[in-house]
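Shown below: structure_15.csv, with CSV, C-alpha atoms.
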```csv
chain,number,residue,atom,x,y,z
A,1,MET,CA,-4.1,-17.3,-14.2
A,2,TRP,CA,-6.6,-18.4,-16.9
A,3,LEU,CA,-7.3,-14.8,-17.7
A,4,TRP,CA,-3.7,-14.2,-18.3
A,5,PHE,CA,-3.5,-17.2,-20.5
A,6,TYR,CA,-6.4,-16.0,-22.6
A,7,LYS,CA,-4.9,-12.6,-22.9
A,8,LEU,CA,-1.6,-14.1,-24.0
A,9,ALA,CA,-3.4,-16.2,-26.7
A,10,SER,CA,-4.8,-13.0,-28.2
A,11,PRO,CA,-2.7,-12.1,-31.3
A,12,PRO,CA,-2.2,-8.4,-30.5
A,13,TYR,CA,-1.0,-9.1,-27.0
A,14,ALA,CA,1.3,-11.9,-28.0
A,15,TYR,CA,2.7,-9.7,-30.8
A,16,ALA,CA,3.6,-7.0,-28.3
A,17,VAL,CA,5.0,-9.4,-25.7
A,18,ALA,CA,7.2,-11.1,-28.2
A,19,GLY,CA,8.6,-7.8,-29.3
A,20,LYS,CA,9.3,-6.8,-25.7
A,21,LEU,CA,10.9,-10.1,-24.7
A,22,ARG,CA,13.2,-10.5,-27.7
A,23,PRO,CA,16.0,-8.2,-26.8
A,24,TRP,CA,16.2,-9.5,-23.3
A,25,LEU,CA,16.3,-13.1,-24.5
A,26,LEU,CA,18.8,-12.4,-27.2
A,27,TRP,CA,21.3,-10.4,-25.1
A,28,SER,CA,21.2,-12.9,-22.3
A,29,ALA,CA,21.8,-15.7,-24.8
A,30,ILE,CA,24.8,-13.9,-26.3
A,31,ALA,CA,26.3,-13.2,-22.8
A,32,LEU,CA,25.9,-16.9,-21.8
A,33,MET,CA,27.3,-18.1,-25.1
A,34,ILE,CA,30.5,-16.1,-24.6
A,35,VAL,CA,30.9,-17.4,-21.0
A,36,ALA,CA,30.2,-21.0,-22.1
A,37,ALA,CA,32.5,-20.8,-25.1
A,38,TYR,CA,35.3,-19.5,-22.8
A,39,GLY,CA,34.6,-22.3,-20.4
A,40,GLY,CA,34.5,-24.9,-23.0
A,41,LEU,CA,37.5,-23.8,-25.1
A,42,VAL,CA,39.8,-22.5,-22.3
A,43,ILE,CA,38.9,-23.6,-18.8
A,44,ALA,CA,37.8,-27.2,-19.5
A,45,PRO,CA,40.7,-29.7,-19.5
A,46,PRO,CA,41.3,-31.8,-22.6
A,47,ASP,CA,39.5,-35.1,-22.6
A,48,TYR,CA,41.8,-38.0,-21.7
A,49,GLN,CA,40.8,-39.9,-24.9
A,50,GLN,CA,39.7,-37.3,-27.4
A,51,LYS,CA,42.1,-34.6,-26.3
A,52,ASP,CA,41.0,-31.2,-27.6
A,53,ALA,CA,38.7,-32.6,-30.2
A,54,PHE,CA,36.1,-33.2,-27.5
A,55,ARG,CA,35.5,-29.4,-27.3
A,56,ILE,CA,33.2,-29.8,-30.3
A,57,ILE,CA,30.7,-31.1,-27.7
A,58,TYR,CA,29.9,-27.6,-26.6
A,59,VAL,CA,28.3,-26.8,-29.9
A,60,HIS,CA,27.3,-30.2,-31.1
A,61,VAL,CA,25.3,-31.4,-28.0
A,62,PRO,CA,23.3,-28.1,-27.5
A,63,ALA,CA,22.4,-28.1,-31.2
A,64,ALA,CA,21.3,-31.7,-31.2
A,65,THR,CA,19.3,-31.2,-28.0
A,66,MET,CA,17.6,-28.2,-29.5
A,67,SER,CA,16.9,-30.1,-32.6
A,68,LEU,CA,14.7,-32.4,-30.6
A,69,SER,CA,13.3,-30.0,-28.0
A,70,VAL,CA,12.2,-27.5,-30.7
A,71,TYR,CA,10.3,-30.4,-32.4
A,72,VAL,CA,8.6,-31.2,-29.2
A,73,VAL,CA,7.5,-27.6,-28.7
A,74,LEU,CA,6.3,-27.6,-32.4
A,75,ALA,CA,4.3,-30.8,-31.9
A,76,VAL,CA,2.8,-29.7,-28.6
A,77,ALA,CA,1.8,-26.3,-30.1
A,78,ALA,CA,0.3,-28.0,-33.1
A,79,GLY,CA,-1.6,-30.4,-30.9
A,80,ILE,CA,-3.0,-27.5,-28.8
A,81,GLY,CA,-3.9,-25.7,-32.1
A,82,VAL,CA,-5.9,-28.7,-33.3
A,83,ILE,CA,-7.6,-29.6,-30.1
A,84,TRP,CA,-8.5,-26.1,-28.8
A,85,ARG,CA,-8.5,-24.4,-32.2
A,86,ILE,CA,-6.1,-21.6,-31.0
A,87,LYS,CA,-4.7,-19.7,-33.9
A,88,LEU,CA,-1.7,-18.6,-31.9
A,89,ALA,CA,-0.7,-22.2,-31.1
A,90,HIS,CA,-0.6,-22.9,-34.9
A,91,ALA,CA,1.5,-19.8,-35.3
A,92,VAL,CA,4.0,-21.0,-32.7
A,93,ALA,CA,4.2,-24.4,-34.4
A,94,ALA,CA,4.9,-22.9,-37.8
A,95,ALA,CA,7.4,-20.5,-36.2
A,96,CYS,CA,9.4,-23.4,-34.7
A,97,ALA,CA,10.0,-25.3,-37.9
A,98,PRO,CA,12.8,-23.3,-39.6
A,99,ILE,CA,14.6,-22.7,-36.4
A,100,GLY,CA,14.5,-26.4,-35.5
A,101,ALA,CA,15.6,-27.4,-39.0
A,102,TRP,CA,18.7,-25.2,-38.7
A,103,PHE,CA,19.6,-26.7,-35.3
A,104,THR,CA,19.3,-30.1,-36.9
A,105,VAL,CA,21.5,-29.2,-39.8
A,106,LEU,CA,24.0,-27.8,-37.3
A,107,ALA,CA,23.9,-31.0,-35.2
A,108,LEU,CA,24.5,-33.2,-38.3
A,109,ALA,CA,27.3,-31.0,-39.6
A,110,THR,CA,29.2,-30.6,-36.4
A,111,GLY,CA,28.7,-34.3,-35.7
A,112,SER,CA,30.1,-35.1,-39.0
A,113,ILE,CA,33.2,-32.9,-38.5
A,114,TRP,CA,33.6,-34.5,-35.1
A,115,GLY,CA,33.2,-38.0,-36.5
A,116,LYS,CA,36.0,-37.7,-39.0
A,117,PRO,CA,38.9,-37.5,-36.5
A,118,MET,CA,37.2,-39.8,-33.9
A,119,TRP,CA,35.6,-42.5,-36.0
A,120,GLY,CA,37.6,-42.0,-39.2
A,121,THR,CA,34.5,-41.3,-41.2
A,122,TRP,CA,32.3,-38.3,-42.0
A,123,TRP,CA,29.1,-40.3,-42.1
A,124,GLU,CA,28.0,-43.8,-41.1
A,125,TRP,CA,24.5,-45.3,-41.4
A,126,ASP,CA,24.3,-45.6,-37.7
A,127,PRO,CA,21.0,-45.5,-35.7
A,128,ARG,CA,21.7,-42.2,-34.1
A,129,LEU,CA,22.9,-40.5,-37.2
A,130,THR,CA,20.2,-42.0,-39.4
A,131,SER,CA,17.4,-41.1,-37.0
A,132,GLU,CA,18.7,-37.5,-36.7
A,133,LEU,CA,18.7,-37.3,-40.5
A,134,ILE,CA,15.1,-38.4,-40.4
A,135,GLN,CA,14.5,-35.6,-38.0
A,136,LEU,CA,15.8,-33.1,-40.5
A,137,PHE,CA,13.4,-34.6,-43.2
A,138,LEU,CA,10.5,-34.3,-40.7
A,139,TYR,CA,11.2,-30.6,-40.4
A,140,LEU,CA,11.7,-30.1,-44.1
A,141,GLY,CA,8.5,-32.2,-44.8
A,142,TYR,CA,6.6,-30.1,-42.4
A,143,MET,CA,7.6,-26.9,-44.0
A,144,ALA,CA,7.1,-28.3,-47.5
A,145,LEU,CA,3.6,-29.4,-46.6
A,146,ARG,CA,2.8,-26.0,-45.1
A,147,SER,CA,3.9,-24.2,-48.2
A,148,SER,CA,1.9,-26.4,-50.5
A,149,PHE,CA,-1.3,-24.8,-49.1
A,150,ASP,CA,-2.4,-21.3,-50.0
A,151,ASP,CA,-4.8,-21.2,-47.2
A,152,THR,CA,-3.1,-20.8,-43.8
A,153,GLN,CA,-5.8,-22.4,-41.8
A,154,ARG,CA,-5.8,-25.6,-44.0
A,155,ALA,CA,-2.0,-25.6,-43.8
A,156,ASP,CA,-2.2,-25.3,-40.0
A,157,ARG,CA,-4.5,-28.3,-39.7
A,158,ALA,CA,-2.7,-30.6,-42.2
A,159,SER,CA,0.8,-29.9,-41.1
A,160,ALA,CA,-0.3,-30.3,-37.4
A,161,ILE,CA,-1.1,-34.0,-38.2
A,162,LEU,CA,2.3,-34.6,-39.7
A,163,ALA,CA,4.0,-32.8,-36.7
A,164,ILE,CA,2.1,-34.9,-34.2
A,165,VAL,CA,2.8,-38.2,-36.0
A,166,GLY,CA,6.4,-37.3,-36.4
A,167,VAL,CA,7.0,-36.9,-32.7
A,168,VAL,CA,7.6,-40.6,-32.5
A,169,ASN,CA,11.0,-40.0,-34.0
A,170,VAL,CA,12.1,-37.9,-31.0
A,171,PRO,CA,12.5,-40.8,-28.5
A,172,VAL,CA,14.1,-42.9,-31.3
A,173,VAL,CA,16.8,-40.3,-31.7
A,174,LYS,CA,17.2,-39.8,-28.0
A,175,TYR,CA,17.5,-43.5,-27.0
A,176,SER,CA,19.1,-44.7,-30.2
A,177,VAL,CA,22.5,-44.9,-28.5
A,178,ILE,CA,21.0,-47.0,-25.7
A,179,TRP,CA,18.6,-49.2,-27.7
A,180,TRP,CA,21.1,-50.2,-30.4
A,181,ASN,CA,24.8,-50.8,-30.5
A,182,SER,CA,25.8,-47.4,-31.9
A,183,LEU,CA,29.0,-46.0,-33.1
A,184,HIS,CA,27.9,-42.8,-31.4
A,185,GLN,CA,29.0,-42.3,-27.8
A,186,GLY,CA,26.4,-42.6,-25.0
A,187,PRO,CA,24.9,-39.7,-23.1
A,188,SER,CA,27.3,-37.5,-21.2
A,189,ILE,CA,25.0,-35.8,-18.7
A,190,SER,CA,21.8,-37.7,-18.5
A,191,LYS,CA,22.9,-39.8,-15.5
A,192,LEU,CA,21.4,-37.5,-13.0
A,193,GLY,CA,23.5,-37.0,-9.9
A,194,ALA,CA,26.5,-38.8,-11.3
A,195,PRO,CA,27.3,-37.4,-14.7
A,196,SER,CA,30.1,-39.1,-16.5
A,197,ILE,CA,32.1,-35.9,-17.0
A,198,THR,CA,33.9,-33.6,-14.5
A,199,SER,CA,32.3,-30.3,-13.4
A,200,ASP,CA,34.9,-28.2,-15.3
A,201,MET,CA,33.7,-29.9,-18.5
A,202,LEU,CA,30.0,-30.0,-17.4
A,203,TRP,CA,29.2,-26.4,-16.5
A,204,PRO,CA,30.2,-24.9,-19.9
A,205,LEU,CA,28.0,-27.5,-21.6
A,206,LEU,CA,25.0,-26.8,-19.4
A,207,THR,CA,25.5,-23.0,-19.8
A,208,MET,CA,25.7,-23.4,-23.6
A,209,MET,CA,22.5,-25.5,-23.6
A,210,LEU,CA,20.7,-22.7,-21.6
A,211,ALA,CA,22.2,-20.1,-24.0
A,212,PHE,CA,20.8,-22.0,-27.0
A,213,MET,CA,17.4,-22.2,-25.4
A,214,LEU,CA,17.4,-18.4,-24.8
A,215,TYR,CA,18.6,-17.9,-28.4
A,216,PHE,CA,15.8,-20.1,-29.7
A,217,ALA,CA,13.2,-18.2,-27.7
A,218,ALA,CA,14.6,-14.9,-29.1
A,219,VAL,CA,14.4,-16.1,-32.7
A,220,LEU,CA,11.0,-17.6,-32.0
A,221,CYS,CA,9.7,-14.2,-31.0
A,222,ASP,CA,10.5,-12.8,-34.4
A,223,ARG,CA,9.1,-15.9,-36.2
A,224,ILE,CA,5.9,-15.8,-34.1
A,225,ARG,CA,5.4,-12.2,-34.9
A,226,SER,CA,5.7,-13.0,-38.7
A,227,GLU,CA,3.3,-15.8,-38.3
A,228,ILE,CA,0.8,-13.6,-36.5
A,229,LEU,CA,1.0,-11.0,-39.2
A,230,LYS,CA,0.4,-13.7,-41.9
A,231,ARG,CA,-2.8,-14.8,-40.1
A,232,GLU,CA,-4.3,-11.4,-39.4
A,233,ARG,CA,-6.4,-10.0,-42.2
A,234,ASN,CA,-7.6,-6.4,-41.9
A,235,ALA,CA,-7.4,-6.5,-38.2
A,236,SER,CA,-7.6,-2.9,-36.9
A,237,TRP,CA,-4.9,-3.5,-34.3
A,238,LEU,CA,-2.4,-4.1,-37.1
A,239,SER,CA,-2.3,-0.5,-38.2
A,240,SER,CA,-1.6,0.8,-34.7
A,241,VAL,CA,1.2,-1.8,-34.2
A,242,MET,CA,2.9,-1.1,-37.6
A,243,SER,CA,3.9,2.3,-36.7
A,244,THR,CA,5.9,1.1,-33.6
A,245,ARG,CA,7.8,-1.7,-35.3
A,246,GLY,CA,10.4,0.6,-36.8
A,247,ALA,CA,11.4,2.0,-33.5
A,248,GLU,CA,12.3,-1.3,-31.9
A,249,ALA,CA,14.3,-2.8,-34.7
B,1,MET,CA,49.2,-22.1,-22.4
B,2,SER,CA,50.4,-19.9,-25.2
B,3,MET,CA,48.0,-18.3,-27.7
B,4,ALA,CA,49.4,-20.4,-30.6
B,5,GLU,CA,49.0,-23.6,-28.6
B,6,PHE,CA,45.4,-22.6,-27.9
B,7,PHE,CA,44.6,-22.1,-31.6
B,8,ARG,CA,46.3,-25.3,-32.5
B,9,MET,CA,43.8,-27.3,-30.3
B,10,GLY,CA,46.2,-30.1,-29.9
B,11,GLY,CA,46.3,-30.8,-33.6
B,12,TYR,CA,42.5,-30.7,-34.0
B,13,ALA,CA,42.4,-27.0,-34.9
B,14,GLY,CA,40.7,-27.7,-38.3
B,15,TYR,CA,37.9,-29.8,-36.8
B,16,VAL,CA,37.3,-27.7,-33.6
B,17,TRP,CA,37.4,-24.3,-35.3
B,18,SER,CA,35.3,-25.3,-38.3
B,19,CYS,CA,32.6,-26.5,-35.9
B,20,TYR,CA,32.6,-23.3,-33.9
B,21,GLY,CA,32.7,-21.2,-37.0
B,22,LEU,CA,29.8,-23.1,-38.6
B,23,THR,CA,27.8,-22.7,-35.4
B,24,LEU,CA,28.4,-19.0,-35.5
B,25,VAL,CA,27.3,-18.8,-39.1
B,26,VAL,CA,24.2,-20.8,-38.5
B,27,LEU,CA,23.2,-18.9,-35.4
B,28,LEU,CA,23.7,-15.5,-37.1
B,29,GLY,CA,21.9,-16.7,-40.3
B,30,ASN,CA,18.9,-18.0,-38.4
B,31,LEU,CA,18.6,-14.7,-36.6
B,32,TRP,CA,18.9,-12.8,-39.9
B,33,PHE,CA,16.4,-14.9,-41.8
B,34,ALA,CA,13.8,-14.4,-39.0
B,35,ARG,CA,14.4,-10.7,-39.0
B,36,ARG,CA,14.1,-10.4,-42.8
B,37,GLU,CA,10.9,-12.5,-42.8
B,38,LEU,CA,9.4,-10.2,-40.1
B,39,ASP,CA,10.3,-7.1,-42.0
B,40,SER,CA,8.7,-8.5,-45.2
B,41,GLN,CA,5.5,-9.5,-43.3
B,42,VAL,CA,5.4,-6.1,-41.6
B,43,LEU,CA,5.6,-4.5,-45.1
B,44,ARG,CA,2.9,-6.7,-46.4
B,45,ALA,CA,0.6,-6.1,-43.4
B,46,THR,CA,1.2,-2.4,-43.8
B,47,ARG,CA,0.2,-2.4,-47.4
B,48,ARG,CA,-2.9,-4.5,-46.6
B,49,THR,CA,-4.1,-2.2,-43.8
B,50,GLN,CA,-3.5,0.8,-46.0
B,51,ALA,CA,-5.4,-0.8,-48.9
B,52,SER,CA,-8.4,-1.6,-46.8
B,53,ALA,CA,-8.3,1.8,-45.2
B,54,SER,CA,-8.3,3.6,-48.5
B,55,GLU,CA,-11.2,1.4,-49.7
B,56,THR,CA,-13.5,2.6,-46.9
B,57,SER,CA,-12.5,6.1,-46.0
B,58,GLY,CA,-10.2,7.3,-48.7
B,59,SER,CA,-6.8,8.3,-47.6
B,60,GLY,CA,-6.8,8.1,-43.8
B,61,PRO,CA,-4.2,8.9,-41.2
B,62,LEU,CA,-2.7,5.4,-41.7
B,63,GLY,CA,-0.3,6.9,-44.2
B,64,ARG,CA,2.0,7.5,-41.2
B,65,ALA,CA,2.2,3.8,-40.6
B,66,SER,CA,5.0,3.2,-43.1
```

Let me see whether you can do it: turn the structure in this file into structure tokens.
Amino acid sequence: MWLWFYKLASPPYAYAVAGKLRPWLLWSAIALMIVAAYGGLVIAPPDYQQKDAFRIIYVHVPAATMSLSVYVVLAVAAGIGVIWRIKLAHAVAAACAPIGAWFTVLALATGSIWGKPMWGTWWEWDPRLTSELIQLFLYLGYMALRSSFDDTQRADRASAILAIVGVVNVPVVKYSVIWWNSLHQGPSISKLGAPSITSDMLWPLLTMMLAFMLYFAAVLCDRIRSEILKRERNASWLSSVMSTRGAEA
Amino acid sequence: MSMAEFFRMGGYAGYVWSCYGLTLVVLLGNLWFARRELDSQVLRATRRTQASASETSGSGPLGRAS
């Protein structure tokens, strides 16, 4: 087990594994997205209050969930990188940032489009919306901080601190609808065992969330490979790997 | 349910379809940006390894790498 872990943490091995996993992750994500979109747009009945507008949930909630989960992955990876000085962990953290930022943009944009017909406004300085906007700034700040260093190792260490401190915003976003009186509706599926939506509405949502996770993993594979290449100087394994890249793409 | 009715989304067509369209664009864009970044890093790494190889042993067999 530990041996395998050490092996995975070695850049050449991780580079190869990421390349092999990517197509599987991507194609299963695409298949599940199609199934989930069909379930959400066709099979699920219209909501009794929101009618067909509720179908935005199938893209909005997975995007928002990923916006937070990706940040947790980023912060944990950064923490591991700082504590155990594992180069690959820093590479994972850096690889997460642009993907998470895109999910956050998507969550904010679809939320805004959903808010217009439901709340009558595109934007409100509401706890949920404001904290999610802060989440976007955390991602952007993390990436800006990284790019301000020429030296990757220093960028890794400095940005890791920001990432770890910024993780406090995750529970704030998650529980904002419970802690404060928010315009945003409460959680739809977190009540384990007794979700507040019917199964025809629920399974497409869960499927889409799984699809988004697989999609994230697929994009992460490419991003991690980029980050590994950035960190490897004159490594002899690079030249042997380079020749195979073209065949897989 | 007719096709036209489906696309109308009970009058919310503009909101629903713009969300799904936007999602598709962001997902594809994200994938494409990551791929482009990887391609450019591969190119840089290839140049680097070639440069260091030619420093030590002249033109090596690494020329095939690109």

Restricting the calculation to only C-alpha atoms: of A:Cys96, A:Ile43, A:Leu206, A:Ala9, which residue gets closest to Val73 in chain A?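 That would be A:Cys96, the residue with the smallest distance to Val73 in chain A.
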
Would you kindly return, as a compact mmCIF listing (two decimals) with C-alpha atoms, keeping the file's coordinate frame, each protein, DNA or RNA residue with an atom no farther than 8 Å from any atom of range 16-21 of chain B, considering only C-alpha atoms and excluding same-chain residues fewer than 4 positions away?
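Okay, result_13.txt is ready:
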```
# COMPACT_ATOMS: atom_id res chain seq x y z
CA ASP A 52 41.00 -31.20 -27.60
CA ALA A 53 38.70 -32.60 -30.20
CA ARG A 55 35.50 -29.40 -27.30
CA ILE A 56 33.20 -29.80 -30.30
CA VAL A 59 28.30 -26.80 -29.90
CA ALA A 109 27.30 -31.00 -39.60
CA THR A 110 29.20 -30.60 -36.40
CA ILE A 113 33.20 -32.90 -38.50
CA TRP A 114 33.60 -34.50 -35.10
CA MET B 9 43.80 -27.30 -30.30
CA TYR B 12 42.50 -30.70 -34.00
CA VAL B 25 27.30 -18.80 -39.10
```

Select residues of chain A: the criterion is any atom within 8 Å of an atom of chain B, counting all atoms listed in the file; output as number ranges by chain. A: 42, 51-53, 55-56, 59, 99, 102, 106, 109-110, 113-114, 117, 219, 222-223, 225-226, 229-230, 233-236, 238-240, 242-243

By how many Å are CA of Glu227 in chain A and CA of Val82 in chain A apart?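 Here the two named atoms are 16.6 Å from each other.
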
For a test of reading the model, state the distance in Å between CA of Ala77 in chain A and CA of Ala93 in chain A, rounded to one decimal. 5.3 Å

Excluding range 181-187 of chain A and any residue of its chain fewer than 6 positions from it, enumerate the residues within 10 Å of it, using only C-alpha atoms, and give them as a list of chain:residue names. A:Val61, A:Gly111, A:Gly115, A:Trp119, A:Glu124, A:Trp125, A:Asp126, A:Pro127, A:Arg128, A:Leu129, A:Lys174, A:Tyr175, A:Pro195, A:Ser196

Could you tell me how far CA of Met201 in chain A lies from CA of Pro62 in chain A, in Å and to one decimal?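 Calculated distance between CA of Met201 in chain A and CA of Pro62 in chain A is 13.9 Å.
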
Give me the residues within 9 Å of Pro204 in chain A as a ChimeraX atom specification, counting all atoms listed in the file and dropping any in the same chain fewer than 3 places off. /A:35-40,43-44,58,199-201,207-209

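Here the question is which of A:Leu25, A:Ile228, A:Trp122, A:Leu205 gets nearest to Tyr13 in chain A using all atoms listed in the file, and that residue is A:Ile228.
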
Residues within 7 Å of Ala78 in chain A, all atoms listed in the file, excluding chain neighbours under 6 positions, as a PyMOL selection string: chain A and resi 89-90+93+160
